[in-house]
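Enquirer: Supplied structure: model_15.cif, mmCIF, C-alpha atoms and all ligand atoms.
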data_my_file
loop_
_atom_site.group_PDB
_atom_site.id
_atom_site.type_symbol
_atom_site.label_atom_id
_atom_site.label_comp_id
_atom_site.auth_asym_id
_atom_site.auth_seq_id
_atom_site.Cartn_x
_atom_site.Cartn_y
_atom_site.Cartn_z
ATOM 1 C CA MET A 116 37.503 35.101 39.281
ATOM 2 C CA LEU A 117 36.293 36.328 35.943
ATOM 3 C CA GLU A 118 37.443 39.878 36.516
ATOM 4 C CA ARG A 119 40.848 38.687 37.720
ATOM 5 C CA LEU A 120 41.359 36.418 34.716
ATOM 6 C CA ARG A 121 40.244 39.112 32.261
ATOM 7 C CA ARG A 122 42.670 41.560 33.877
ATOM 8 C CA ARG A 123 45.378 39.062 32.991
ATOM 9 C CA HIS A 124 44.014 38.880 29.415
ATOM 10 C CA VAL A 125 43.128 35.233 29.866
ATOM 11 C CA PRO A 126 40.290 34.185 27.538
ATOM 12 C CA VAL A 127 37.543 32.590 29.643
ATOM 13 C CA ARG A 128 34.485 30.437 29.014
ATOM 14 C CA ILE A 129 31.989 30.415 31.867
ATOM 15 C CA GLY A 130 30.783 26.911 32.738
ATOM 16 C CA SER A 131 27.269 27.718 33.891
ATOM 17 C CA ARG A 132 23.772 26.473 33.262
ATOM 18 C CA ARG A 133 23.160 29.978 31.909
ATOM 19 C CA GLY A 134 26.384 30.018 29.857
ATOM 20 C CA GLU A 135 26.823 29.690 26.117
ATOM 21 C CA PRO A 136 27.159 26.813 25.539
ATOM 22 C CA PRO A 137 25.387 25.866 28.783
ATOM 23 C CA PHE A 138 27.142 23.567 31.229
ATOM 24 C CA SER A 139 25.380 21.484 33.847
ATOM 25 C CA TRP A 140 26.888 18.972 36.229
ATOM 26 C CA THR A 141 23.716 16.925 35.973
ATOM 27 C CA ASP A 142 23.609 16.839 32.157
ATOM 28 C CA GLU A 143 26.725 15.105 30.861
ATOM 29 C CA SER A 144 25.752 15.900 27.259
ATOM 30 C CA THR A 145 26.723 19.548 27.956
ATOM 31 C CA TRP A 146 30.287 18.750 28.981
ATOM 32 C CA VAL A 147 32.036 18.192 25.620
ATOM 33 C CA ALA A 148 30.946 21.513 24.108
ATOM 34 C CA ALA A 149 31.893 23.330 27.316
ATOM 35 C CA LEU A 150 35.366 21.757 27.198
ATOM 36 C CA HIS A 151 36.035 22.402 23.506
ATOM 37 C CA GLU A 152 39.480 24.056 23.059
ATOM 38 C CA ILE A 153 39.783 24.653 26.797
ATOM 39 C CA ASP A 154 43.239 24.261 28.348
ATOM 40 C CA ARG A 155 42.589 24.813 32.061
ATOM 41 C CA VAL A 156 39.499 24.349 34.193
ATOM 42 C CA TYR A 157 38.442 25.692 37.579
ATOM 43 C CA VAL A 158 36.297 22.841 38.881
ATOM 44 C CA LEU A 159 33.589 24.115 41.231
ATOM 45 C CA HIS A 160 30.767 21.757 42.123
ATOM 46 C CA PRO A 161 27.957 23.275 44.217
ATOM 47 C CA LEU A 162 27.373 20.059 46.186
ATOM 48 C CA ILE A 163 30.808 18.946 47.351
ATOM 49 C CA GLY A 164 30.428 15.846 49.532
ATOM 50 C CA ALA A 165 26.977 14.885 48.213
ATOM 51 C CA PRO A 166 26.461 11.261 47.112
ATOM 52 C CA ASP A 167 26.833 11.721 43.314
ATOM 53 C CA THR A 168 29.409 14.496 43.345
ATOM 54 C CA ALA A 169 32.654 12.506 43.391
ATOM 55 C CA ASP A 170 31.419 10.348 40.537
ATOM 56 C CA GLN A 171 30.482 13.441 38.504
ATOM 57 C CA VAL A 172 33.832 15.085 39.209
ATOM 58 C CA ALA A 173 35.662 11.863 38.268
ATOM 59 C CA ARG A 174 33.803 11.496 34.976
ATOM 60 C CA PHE A 175 34.199 15.191 34.211
ATOM 61 C CA SER A 176 37.944 15.150 34.968
ATOM 62 C CA THR A 177 38.510 12.122 32.728
ATOM 63 C CA LYS A 178 36.552 13.795 29.909
ATOM 64 C CA ALA A 179 38.461 17.017 30.406
ATOM 65 C CA ALA A 180 41.826 15.267 30.153
ATOM 66 C CA ALA A 181 40.663 13.423 27.015
ATOM 67 C CA ALA A 182 39.531 16.745 25.517
ATOM 68 C CA GLY A 183 43.028 18.193 25.959
ATOM 69 C CA VAL A 184 42.716 20.034 29.253
ATOM 70 C CA SER A 185 46.168 20.234 30.803
ATOM 71 C CA ARG A 186 45.347 21.604 34.264
ATOM 72 C CA LEU A 187 42.503 21.228 36.755
ATOM 73 C CA VAL A 188 42.058 23.410 39.832
ATOM 74 C CA LEU A 189 39.459 21.982 42.210
ATOM 75 C CA LEU A 190 37.585 23.873 44.922
ATOM 76 C CA THR A 191 36.486 21.751 47.882
ATOM 77 C CA ALA A 192 36.434 22.706 51.567
ATOM 78 C CA HIS A 193 38.765 23.103 54.530
ATOM 79 C CA GLY A 194 38.930 19.858 56.512
ATOM 80 C CA TYR A 195 37.718 17.806 53.545
ATOM 81 C CA ASP A 196 41.167 16.305 52.972
ATOM 82 C CA GLU A 197 41.878 13.487 50.538
ATOM 83 C CA SER A 198 38.224 13.590 49.505
ATOM 84 C CA PRO A 199 36.968 11.398 46.660
ATOM 85 C CA GLU A 200 36.521 14.570 44.583
ATOM 86 C CA GLN A 201 40.174 15.469 45.241
ATOM 87 C CA GLN A 202 41.339 11.951 44.376
ATOM 88 C CA ALA A 203 39.329 12.071 41.134
ATOM 89 C CA VAL A 204 41.072 15.250 40.014
ATOM 90 C CA GLU A 205 44.496 14.041 41.118
ATOM 91 C CA SER A 206 44.180 10.874 39.074
ATOM 92 C CA ALA A 207 42.860 12.456 35.865
ATOM 93 C CA GLY A 208 46.330 12.720 34.340
ATOM 94 C CA THR A 209 46.459 16.516 34.171
ATOM 95 C CA GLU A 210 48.319 19.000 36.323
ATOM 96 C CA TRP A 211 46.192 19.712 39.388
ATOM 97 C CA THR A 212 45.820 21.975 42.405
ATOM 98 C CA ILE A 213 43.285 21.659 45.207
ATOM 99 C CA VAL A 214 41.903 24.755 46.958
ATOM 100 C CA ARG A 215 40.193 23.978 50.288
ATOM 101 C CA PRO A 216 38.617 27.094 51.793
ATOM 102 C CA SER A 217 36.996 27.621 55.138
ATOM 103 C CA TRP A 218 33.600 29.360 55.448
ATOM 104 C CA PHE A 219 33.420 32.299 53.079
ATOM 105 C CA ALA A 220 33.225 35.702 54.793
ATOM 106 C CA GLN A 221 30.999 36.712 51.869
ATOM 107 C CA ASN A 222 28.275 34.378 53.133
ATOM 108 C CA PHE A 223 27.362 37.210 55.514
ATOM 109 C CA ASP A 224 26.346 39.574 52.706
ATOM 110 C CA ASP A 225 25.185 36.933 50.249
ATOM 111 C CA ASP A 226 22.306 35.903 52.504
ATOM 112 C CA PHE A 227 23.837 32.462 52.752
ATOM 113 C CA MET A 228 21.438 30.690 55.124
ATOM 114 C CA GLY A 229 19.707 34.009 55.709
ATOM 115 C CA PHE A 230 22.775 35.722 57.226
ATOM 116 C CA ARG A 231 22.216 39.103 55.578
ATOM 117 C CA THR A 232 18.635 39.289 56.833
ATOM 118 C CA LEU A 233 19.636 38.106 60.297
ATOM 119 C CA LEU A 234 22.339 40.760 60.506
ATOM 120 C CA ARG A 235 19.907 43.463 59.412
ATOM 121 C CA ASP A 236 17.614 42.285 62.205
ATOM 122 C CA GLY A 237 20.546 42.383 64.661
ATOM 123 C CA ASN A 238 20.318 38.779 65.799
ATOM 124 C CA LEU A 239 22.458 36.082 64.253
ATOM 125 C CA THR A 240 21.113 32.598 64.968
ATOM 126 C CA LEU A 241 22.794 29.298 64.185
ATOM 127 C CA PRO A 242 22.902 25.848 65.749
ATOM 128 C CA PHE A 243 26.410 26.324 67.203
ATOM 129 C CA ARG A 244 27.623 27.065 70.741
ATOM 130 C CA HIS A 245 31.326 26.267 70.617
ATOM 131 C CA ALA A 246 32.282 25.733 66.968
ATOM 132 C CA ALA A 247 34.700 28.285 65.546
ATOM 133 C CA PHE A 248 35.613 28.900 61.939
ATOM 134 C CA ALA A 249 38.572 30.554 60.247
ATOM 135 C CA PHE A 250 36.399 32.650 57.901
ATOM 136 C CA VAL A 251 38.196 33.387 54.648
ATOM 137 C CA ASP A 252 37.637 36.302 52.288
ATOM 138 C CA ALA A 253 36.453 35.148 48.853
ATOM 139 C CA ASP A 254 38.990 37.565 47.339
ATOM 140 C CA ASP A 255 41.754 35.399 48.778
ATOM 141 C CA ILE A 256 40.131 32.222 47.459
ATOM 142 C CA ALA A 257 39.859 33.774 43.993
ATOM 143 C CA ASP A 258 43.475 34.961 44.095
ATOM 144 C CA VAL A 259 44.704 31.485 45.033
ATOM 145 C CA ALA A 260 42.603 29.854 42.323
ATOM 146 C CA VAL A 261 43.746 32.345 39.679
ATOM 147 C CA ALA A 262 47.386 31.829 40.660
ATOM 148 C CA ALA A 263 46.927 28.061 40.421
ATOM 149 C CA LEU A 264 45.274 28.390 37.016
ATOM 150 C CA THR A 265 47.675 30.845 35.448
ATOM 151 C CA GLU A 266 51.061 30.494 37.143
ATOM 152 C CA SER A 267 53.623 27.736 37.482
ATOM 153 C CA GLY A 268 54.612 26.182 40.790
ATOM 154 C CA HIS A 269 51.186 25.108 42.046
ATOM 155 C CA HIS A 270 50.922 21.656 40.501
ATOM 156 C CA GLY A 271 50.467 18.890 43.068
ATOM 157 C CA LYS A 272 49.611 21.288 45.889
ATOM 158 C CA ALA A 273 46.568 21.301 48.158
ATOM 159 C CA TYR A 274 46.062 24.715 49.720
ATOM 160 C CA ASP A 275 44.019 24.999 52.921
ATOM 161 C CA VAL A 276 42.777 28.521 52.533
ATOM 162 C CA THR A 277 41.539 30.223 55.711
ATOM 163 C CA GLY A 278 41.471 33.628 57.271
ATOM 164 C CA PRO A 279 43.976 34.657 59.958
ATOM 165 C CA GLU A 280 41.880 33.779 63.035
ATOM 166 C CA SER A 281 39.339 31.230 64.142
ATOM 167 C CA LEU A 282 36.204 32.786 65.638
ATOM 168 C CA ASP A 283 33.062 31.366 67.187
ATOM 169 C CA TYR A 284 29.764 33.036 66.414
ATOM 170 C CA PHE A 285 29.687 34.965 69.700
ATOM 171 C CA GLU A 286 33.002 36.513 68.642
ATOM 172 C CA VAL A 287 31.697 37.098 65.114
ATOM 173 C CA ALA A 288 28.688 38.972 66.520
ATOM 174 C CA GLU A 289 31.023 41.074 68.666
ATOM 175 C CA ARG A 290 33.066 42.033 65.612
ATOM 176 C CA PHE A 291 29.910 43.036 63.747
ATOM 177 C CA SER A 292 28.705 45.056 66.753
ATOM 178 C CA GLN A 293 32.005 46.907 67.074
ATOM 179 C CA ILE A 294 32.326 47.703 63.385
ATOM 180 C CA LEU A 295 28.661 48.430 62.598
ATOM 181 C CA GLY A 296 28.322 50.469 65.801
ATOM 182 C CA ARG A 297 25.085 48.790 66.861
ATOM 183 C CA SER A 298 24.264 45.685 68.825
ATOM 184 C CA ILE A 299 24.416 42.405 66.937
ATOM 185 C CA ARG A 300 23.523 39.494 69.204
ATOM 186 C CA TYR A 301 24.309 35.859 68.662
ATOM 187 C CA THR A 302 21.746 33.314 69.824
ATOM 188 C CA PRO A 303 22.530 29.609 69.493
ATOM 189 C CA VAL A 304 19.437 27.678 68.461
ATOM 190 C CA THR A 305 18.534 24.046 67.984
ATOM 191 C CA SER A 306 18.712 22.545 64.504
ATOM 192 C CA GLU A 307 14.908 22.483 64.397
ATOM 193 C CA GLN A 308 14.669 26.161 65.327
ATOM 194 C CA PHE A 309 17.244 26.981 62.684
ATOM 195 C CA VAL A 310 15.331 25.193 59.946
ATOM 196 C CA ASP A 311 12.106 26.942 61.036
ATOM 197 C CA ARG A 312 13.844 30.310 61.017
ATOM 198 C CA MET A 313 15.214 29.736 57.512
ATOM 199 C CA SER A 314 11.850 28.612 56.300
ATOM 200 C CA ASP A 315 10.242 31.779 57.747
ATOM 201 C CA LEU A 316 12.823 33.817 55.857
ATOM 202 C CA GLY A 317 12.027 31.946 52.666
ATOM 203 C CA SER A 318 15.741 31.216 52.382
ATOM 204 C CA PRO A 319 16.743 28.594 49.840
ATOM 205 C CA SER A 320 19.368 27.375 52.300
ATOM 206 C CA ASP A 321 20.888 23.942 52.421
ATOM 207 C CA PRO A 322 21.567 23.527 56.139
ATOM 208 C CA GLY A 323 23.318 20.182 55.635
ATOM 209 C CA ALA A 324 26.784 21.696 55.770
ATOM 210 C CA VAL A 325 26.031 23.447 59.058
ATOM 211 C CA PHE A 326 24.631 20.372 60.703
ATOM 212 C CA ALA A 327 27.535 18.232 59.550
ATOM 213 C CA ALA A 328 30.009 20.367 61.496
ATOM 214 C CA ASP A 329 31.022 19.250 64.952
ATOM 215 C CA ASP A 330 29.996 21.898 67.468
ATOM 216 C CA ASP A 331 33.067 21.173 69.616
ATOM 217 C CA VAL A 332 35.553 21.867 66.859
ATOM 218 C CA ARG A 333 37.516 25.070 66.751
ATOM 219 C CA GLU A 334 38.751 25.074 63.184
ATOM 220 C CA ALA A 335 42.487 25.611 62.942
ATOM 221 C CA VAL A 336 43.931 28.503 61.014
ATOM 222 C CA ALA A 337 45.775 27.249 57.922
ATOM 223 C CA HIS A 338 48.349 28.964 55.769
ATOM 224 C CA GLY A 339 47.250 28.285 52.195
ATOM 225 C CA VAL A 340 46.969 31.956 51.262
ATOM 226 C CA ASN A 341 50.540 32.614 52.355
ATOM 227 C CA GLU A 342 51.820 29.427 50.735
ATOM 228 C CA ALA A 343 50.179 30.193 47.389
ATOM 229 C CA LEU A 344 50.479 33.981 47.262
ATOM 230 C CA GLY A 345 53.252 34.934 49.669
ATOM 231 C CA HIS A 346 51.131 37.276 51.771
ATOM 232 C CA PRO A 347 48.774 36.854 54.736
ATOM 233 C CA PRO A 348 45.021 36.435 54.288
ATOM 234 C CA LYS A 349 42.519 39.231 54.766
ATOM 235 C CA SER A 350 40.802 39.400 58.142
ATOM 236 C CA LEU A 351 37.095 39.141 58.863
ATOM 237 C CA ASP A 352 37.310 42.662 60.312
ATOM 238 C CA SER A 353 38.544 44.086 57.016
ATOM 239 C CA TYR A 354 35.730 42.325 55.170
ATOM 240 C CA ILE A 355 33.091 43.647 57.616
ATOM 241 C CA THR A 356 34.541 47.167 57.428
ATOM 242 C CA THR A 357 34.529 47.175 53.619
ATOM 243 C CA MET A 358 31.024 45.771 53.296
ATOM 244 C CA ALA A 359 29.559 47.897 56.088
ATOM 245 C CA ALA A 360 30.403 50.969 54.000
ATOM 246 C CA THR A 361 28.028 49.710 51.297
ATOM 247 C CA GLY A 362 25.110 49.658 53.746
ATOM 248 C CA VAL A 363 24.352 46.013 53.028
ATOM 249 C CA TRP A 364 23.536 45.308 56.683
ATOM 250 C CA ASN A 365 21.621 48.527 57.356
ATOM 251 C CA PRO A 366 18.259 47.657 58.945
ATOM 252 C CA ALA A 367 16.354 49.769 56.426
ATOM 253 C CA ALA A 368 18.129 48.470 53.309
ATOM 254 C CA ASP A 369 16.158 46.458 50.738
HETATM 255 N N1 LIG B 1 29.996 28.984 51.056
HETATM 256 C C1 LIG B 1 30.948 28.545 51.878
HETATM 257 O O1 LIG B 1 31.159 29.032 53.000
HETATM 258 C C2 LIG B 1 31.859 27.432 51.430
HETATM 259 C C3 LIG B 1 32.894 27.032 52.267
HETATM 260 C C4 LIG B 1 33.780 26.037 51.833
HETATM 261 C C5 LIG B 1 33.613 25.475 50.590
HETATM 262 N N2 LIG B 1 32.577 25.868 49.802
HETATM 263 C C6 LIG B 1 32.450 25.248 48.477
HETATM 264 O O2 LIG B 1 32.539 26.254 47.489
HETATM 265 C C7 LIG B 1 31.720 25.913 46.374
HETATM 266 C C8 LIG B 1 30.838 27.076 46.052
HETATM 267 O O3 LIG B 1 30.043 27.339 47.179
HETATM 268 P P1 LIG B 1 28.886 28.409 47.089
HETATM 269 O O4 LIG B 1 28.336 28.565 48.456
HETATM 270 O O5 LIG B 1 29.364 29.630 46.348
HETATM 271 O O6 LIG B 1 27.856 27.584 46.170
HETATM 272 P P2 LIG B 1 26.538 28.029 45.440
HETATM 273 O O7 LIG B 1 26.399 29.511 45.505
HETATM 274 O O8 LIG B 1 25.432 27.214 45.982
HETATM 275 O O9 LIG B 1 26.749 27.528 43.950
HETATM 276 C C9 LIG B 1 27.838 27.934 43.156
HETATM 277 C C10 LIG B 1 27.468 27.825 41.685
HETATM 278 O O10 LIG B 1 27.152 26.479 41.328
HETATM 279 C C11 LIG B 1 26.480 26.562 40.088
HETATM 280 N N3 LIG B 1 25.617 25.408 39.895
HETATM 281 C C12 LIG B 1 24.585 24.996 40.666
HETATM 282 N N4 LIG B 1 24.042 23.871 40.135
HETATM 283 C C13 LIG B 1 24.750 23.607 39.010
HETATM 284 C C14 LIG B 1 24.679 22.588 38.010
HETATM 285 N N5 LIG B 1 23.771 21.617 38.044
HETATM 286 N N6 LIG B 1 25.578 22.613 36.995
HETATM 287 C C15 LIG B 1 26.496 23.600 36.913
HETATM 288 N N7 LIG B 1 26.625 24.574 37.820
HETATM 289 C C16 LIG B 1 25.744 24.578 38.845
HETATM 290 C C17 LIG B 1 25.683 27.848 40.093
HETATM 291 O O11 LIG B 1 25.961 28.512 38.881
HETATM 292 P P3 LIG B 1 24.871 28.664 37.704
HETATM 293 O O12 LIG B 1 23.562 28.968 38.396
HETATM 294 O O13 LIG B 1 25.407 29.781 36.896
HETATM 295 O O14 LIG B 1 24.833 27.382 36.944
HETATM 296 C C18 LIG B 1 26.248 28.615 41.289
HETATM 297 O O15 LIG B 1 26.648 29.911 40.932
HETATM 298 C C19 LIG B 1 31.000 24.623 46.746
HETATM 299 O O16 LIG B 1 31.725 23.553 46.207
HETATM 300 C C20 LIG B 1 31.095 24.584 48.262
HETATM 301 O O17 LIG B 1 31.125 23.266 48.771
HETATM 302 C C21 LIG B 1 31.703 26.840 50.174
#
Show me the file's structure as structure tokens.

Expert:
Amino acid sequence: MLERLRRRHVPVRIGSRRGEPPFSWTDESTWVAALHEIDRVYVLHPLIGAPDTADQVARFSTKAAAAGVSRLVLLTAHGYDESPEQQAVESAGTEWTIVRPSWFAQNFDDDFMGFRTLLRDGNLTLPFRHAAFAFVDADDIADVAVAALTESGHHGKAYDVTGPESLDYFEVAERFSQILGRSIRYTPVTSEQFVDRMSDLGSPSDPGAVFAADDDVREAVAHGVNEALGHPPKSLDSYITTMAATGVWNPAAD
């Protein structure tokens, strides 16, 4: 995001607990300074759907509008339609756009829920048998968000941002095997086994999102990338190919 906005010569303030001034969702006293002389905000809450989140987003959006913010772009999640967080942003009185992505492809190299380590070990394990997801490349999410922040024509739109195909984890493992040129297995596990595995890995994972998904659902492909940007989304294969070249999933890598 940052790199994309800077390339467009857009001045940016990072709203982070480590930013200057610092911003924290859980410390409302940090919000006014973070919003000072800000015109547009990319609203990303790490705990979308958690009990206090909609209230925080509502209070933040109201404060942002009062501080002079003219446009809010909210990131939520694919399938989380008409959420209370979305309604809060839509009713703040600013221009707004909602970006609802599927699972990020980048989770696989970010060690999201231990994925990077599992892939290095050659055995992906999750508590799914049938569920399929339309994995989206974070580059596409960032491009949609930047377009919504900087261009006209996106006000009042909710973009469901997914990749071009819906894949279950057996299919995901096959793609990794083909592209990495070594066997990557997929082993469905129980929720309890998954939690134990994550705990063994020392992963700071929040498995709530995984468990909330319905294992019978094959997530539909949506067309938000095309609608917002006028081109198709990147595939999971292209992501795996690009990242494989960095060695991130090599068994011997750190
Ligand atoms: N990962 C996925 O597959 C996926 C799929 C669909 C939707 N989403 C949504 O996308 C968003 C980002 O997901 P993610 O997996 O990238 O999340 P994440 O890595 O857990 O967190 C994103 C950022 O939230 C910031 N943060 C955490 N606590 C904060 C606080 N109290 N105040 C201010 N900032 C705080 C952190 O920045 P600092 O440490 O710099 O403060 C962190 O960089 C979430 O809303 C999630 O629901 C994710």

Enquirer: Calculate how many Å separate atom CA of Phe223 of chain A from atom CA of Val363 of chain A, rounding to one decimal.

Expert: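 Interatomic distance, atom CA of Phe223 of chain A to atom CA of Val363 of chain A: 9.6 Å.
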
Enquirer: Report the residues retrieved by the PyMOL selection byres (((chain A and resi 341) around 12) and not hetatm) from the displayed file, expressed as JSON, numbers by chain.

Expert: {"A": [255, 256, 258, 259, 274, 275, 276, 277, 278, 279, 336, 337, 338, 339, 340, 342, 343, 344, 345, 346, 347, 348, 349]}

Enquirer: Given the point (32.2, 16.5, 39.2) in the coordinates of this file, which residues lie within 12 Å, counting only C-alpha atoms, and how would they look as a PDB file with C-alpha atoms, in the coordinates of the input?

Expert:
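Heads up, here's the output in selection-v9.pdb:
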ATOM      1  CA  PHE A 138      27.142  23.567  31.229  1.00  0.00           C
ATOM      2  CA  SER A 139      25.380  21.484  33.847  1.00  0.00           C
ATOM      3  CA  TRP A 140      26.888  18.972  36.229  1.00  0.00           C
ATOM      4  CA  THR A 141      23.716  16.925  35.973  1.00  0.00           C
ATOM      5  CA  ASP A 142      23.609  16.839  32.157  1.00  0.00           C
ATOM      6  CA  GLU A 143      26.725  15.105  30.861  1.00  0.00           C
ATOM      7  CA  TRP A 146      30.287  18.750  28.981  1.00  0.00           C
ATOM      8  CA  VAL A 156      39.499  24.349  34.193  1.00  0.00           C
ATOM      9  CA  TYR A 157      38.442  25.692  37.579  1.00  0.00           C
ATOM     10  CA  VAL A 158      36.297  22.841  38.881  1.00  0.00           C
ATOM     11  CA  LEU A 159      33.589  24.115  41.231  1.00  0.00           C
ATOM     12  CA  HIS A 160      30.767  21.757  42.123  1.00  0.00           C
ATOM     13  CA  PRO A 161      27.957  23.275  44.217  1.00  0.00           C
ATOM     14  CA  LEU A 162      27.373  20.059  46.186  1.00  0.00           C
ATOM     15  CA  ILE A 163      30.808  18.946  47.351  1.00  0.00           C
ATOM     16  CA  GLY A 164      30.428  15.846  49.532  1.00  0.00           C
ATOM     17  CA  ALA A 165      26.977  14.885  48.213  1.00  0.00           C
ATOM     18  CA  PRO A 166      26.461  11.261  47.112  1.00  0.00           C
ATOM     19  CA  ASP A 167      26.833  11.721  43.314  1.00  0.00           C
ATOM     20  CA  THR A 168      29.409  14.496  43.345  1.00  0.00           C
ATOM     21  CA  ALA A 169      32.654  12.506  43.391  1.00  0.00           C
ATOM     22  CA  ASP A 170      31.419  10.348  40.537  1.00  0.00           C
ATOM     23  CA  GLN A 171      30.482  13.441  38.504  1.00  0.00           C
ATOM     24  CA  VAL A 172      33.832  15.085  39.209  1.00  0.00           C
ATOM     25  CA  ALA A 173      35.662  11.863  38.268  1.00  0.00           C
ATOM     26  CA  ARG A 174      33.803  11.496  34.976  1.00  0.00           C
ATOM     27  CA  PHE A 175      34.199  15.191  34.211  1.00  0.00           C
ATOM     28  CA  SER A 176      37.944  15.150  34.968  1.00  0.00           C
ATOM     29  CA  THR A 177      38.510  12.122  32.728  1.00  0.00           C
ATOM     30  CA  LYS A 178      36.552  13.795  29.909  1.00  0.00           C
ATOM     31  CA  ALA A 179      38.461  17.017  30.406  1.00  0.00           C
ATOM     32  CA  LEU A 187      42.503  21.228  36.755  1.00  0.00           C
ATOM     33  CA  LEU A 189      39.459  21.982  42.210  1.00  0.00           C
ATOM     34  CA  LEU A 190      37.585  23.873  44.922  1.00  0.00           C
ATOM     35  CA  THR A 191      36.486  21.751  47.882  1.00  0.00           C
ATOM     36  CA  PRO A 199      36.968  11.398  46.660  1.00  0.00           C
ATOM     37  CA  GLU A 200      36.521  14.570  44.583  1.00  0.00           C
ATOM     38  CA  GLN A 201      40.174  15.469  45.241  1.00  0.00           C
ATOM     39  CA  GLN A 202      41.339  11.951  44.376  1.00  0.00           C
ATOM     40  CA  ALA A 203      39.329  12.071  41.134  1.00  0.00           C
ATOM     41  CA  VAL A 204      41.072  15.250  40.014  1.00  0.00           C
ATOM     42  CA  ALA A 207      42.860  12.456  35.865  1.00  0.00           C
TER      43      ALA A 207
END

Enquirer: Would you compute an axis-aligned box for segment 286-305 of chain A, covering every atom listed for it in the file with 3 Å of margin on each side, and report centre and edge lengths in Å to one decimal as AutoDock Vina command-line options?

Expert:
--center_x 25.8 --center_y 37.3 --center_z 66.2 --size_x 20.5 --size_y 32.4 --size_z 13.2

Enquirer: Run through the PyMOL selection byres (((chain A and resi 305) around 12) and not hetatm) on the given coordinates and return the selected residues as a VMD selection string.

Expert: chain A and resid 240 to 244 302 to 304 306 to 312 325 to 326 330

Enquirer: One decimal, in Å: what's the spacing between atom CA of Leu295 of chain A and atom CA of Arg235 of chain A?

Expert: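 Computed distance, atom CA of Leu295 of chain A to atom CA of Arg235 of chain A, equals 10.6 Å.
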
Enquirer: Go ahead and compute the interatomic distance for atom P2 of ligand LIG 1 (chain B) and atom CA of Met313 of chain A, in Å to one decimal.

Expert: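 Between these atoms lies a distance of 16.6 Å.
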
Enquirer: Pick the closest to Arg333 of chain A from A:Asp252, A:Glu280, A:Glu289, A:Asp154: which is it, counting all atoms listed in the file?

Expert: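 Among the listed residues, A:Glu280 lies closest to Arg333 of chain A.
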
Enquirer: Give me the result of the PyMOL selection byres (((chain A and resi 231) around 12) and not hetatm) on this file, residue by residue, as a ChimeraX atom specification.

Expert: /A:220-230,232-240,291,313,316,318,355,358-359,362-366,368-369

Enquirer: Between A:Arg186, A:Arg215, A:His124, A:Arg290, which one has atoms that come closest to ligand LIG 1 (chain B), using all atoms listed in the file?

Expert: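 For ligand LIG 1 (chain B), the nearest of the candidates is A:Arg215.
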
Enquirer: Which residue, A:Ala257, A:Leu282, A:Ile299, A:Ala360, has the smallest gap to ligand LIG 1 (chain B) when you use all atoms listed in the file?

Expert: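 Nearest candidate to ligand LIG 1 (chain B) out of A:Ala257, A:Leu282, A:Ile299, A:Ala360: A:Ala257.
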
Enquirer: Taking into account only C-alpha atoms, which residue in the set A:Ala149, A:Ala253, A:Val287, A:Leu117 is nearest to Arg132 of chain A?

Expert: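 Ranking A:Ala149, A:Ala253, A:Val287, A:Leu117 by distance to Arg132 of chain A, first place goes to A:Ala149.
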
Enquirer: Using only C-alpha atoms and all ligand atoms, which of the listed residues (A:Leu120, A:Leu351, A:Val184, A:Val214) sits closest to ligand LIG 1 (chain B)?

Expert: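 Distance minimum relative to ligand LIG 1 (chain B) lands on A:Val214.
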
Enquirer: Choose the residue, out of A:Ser144, A:Thr265, A:Ser217, A:Ser185, that has the smallest atom-to-atom separation from ligand LIG 1 (chain B); count all atoms listed in the file.

Expert: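 Looking only at the distances to ligand LIG 1 (chain B), the closest residue turns out to be A:Ser217.
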
Enquirer: Taking 3 positions as the minimum chain separation for residues in the same chain, which residues sit within 9 Å of His245 of chain A when counting all atoms listed in the file? Answer as an MDAnalysis selection string.

Expert: chainID A and resid 283:285 330:333

Enquirer: For those residues, write C-alpha atoms to a file as an mmCIF file, in the coordinates of the input.

Expert:
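Saved as result-v7.cif:
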data_model
loop_
_atom_site.group_PDB
_atom_site.id
_atom_site.type_symbol
_atom_site.label_atom_id
_atom_site.label_comp_id
_atom_site.auth_asym_id
_atom_site.auth_seq_id
_atom_site.Cartn_x
_atom_site.Cartn_y
_atom_site.Cartn_z
ATOM 1 C CA ASP A 283 33.062 31.366 67.187
ATOM 2 C CA TYR A 284 29.764 33.036 66.414
ATOM 3 C CA PHE A 285 29.687 34.965 69.700
ATOM 4 C CA ASP A 330 29.996 21.898 67.468
ATOM 5 C CA ASP A 331 33.067 21.173 69.616
ATOM 6 C CA VAL A 332 35.553 21.867 66.859
ATOM 7 C CA ARG A 333 37.516 25.070 66.751
#
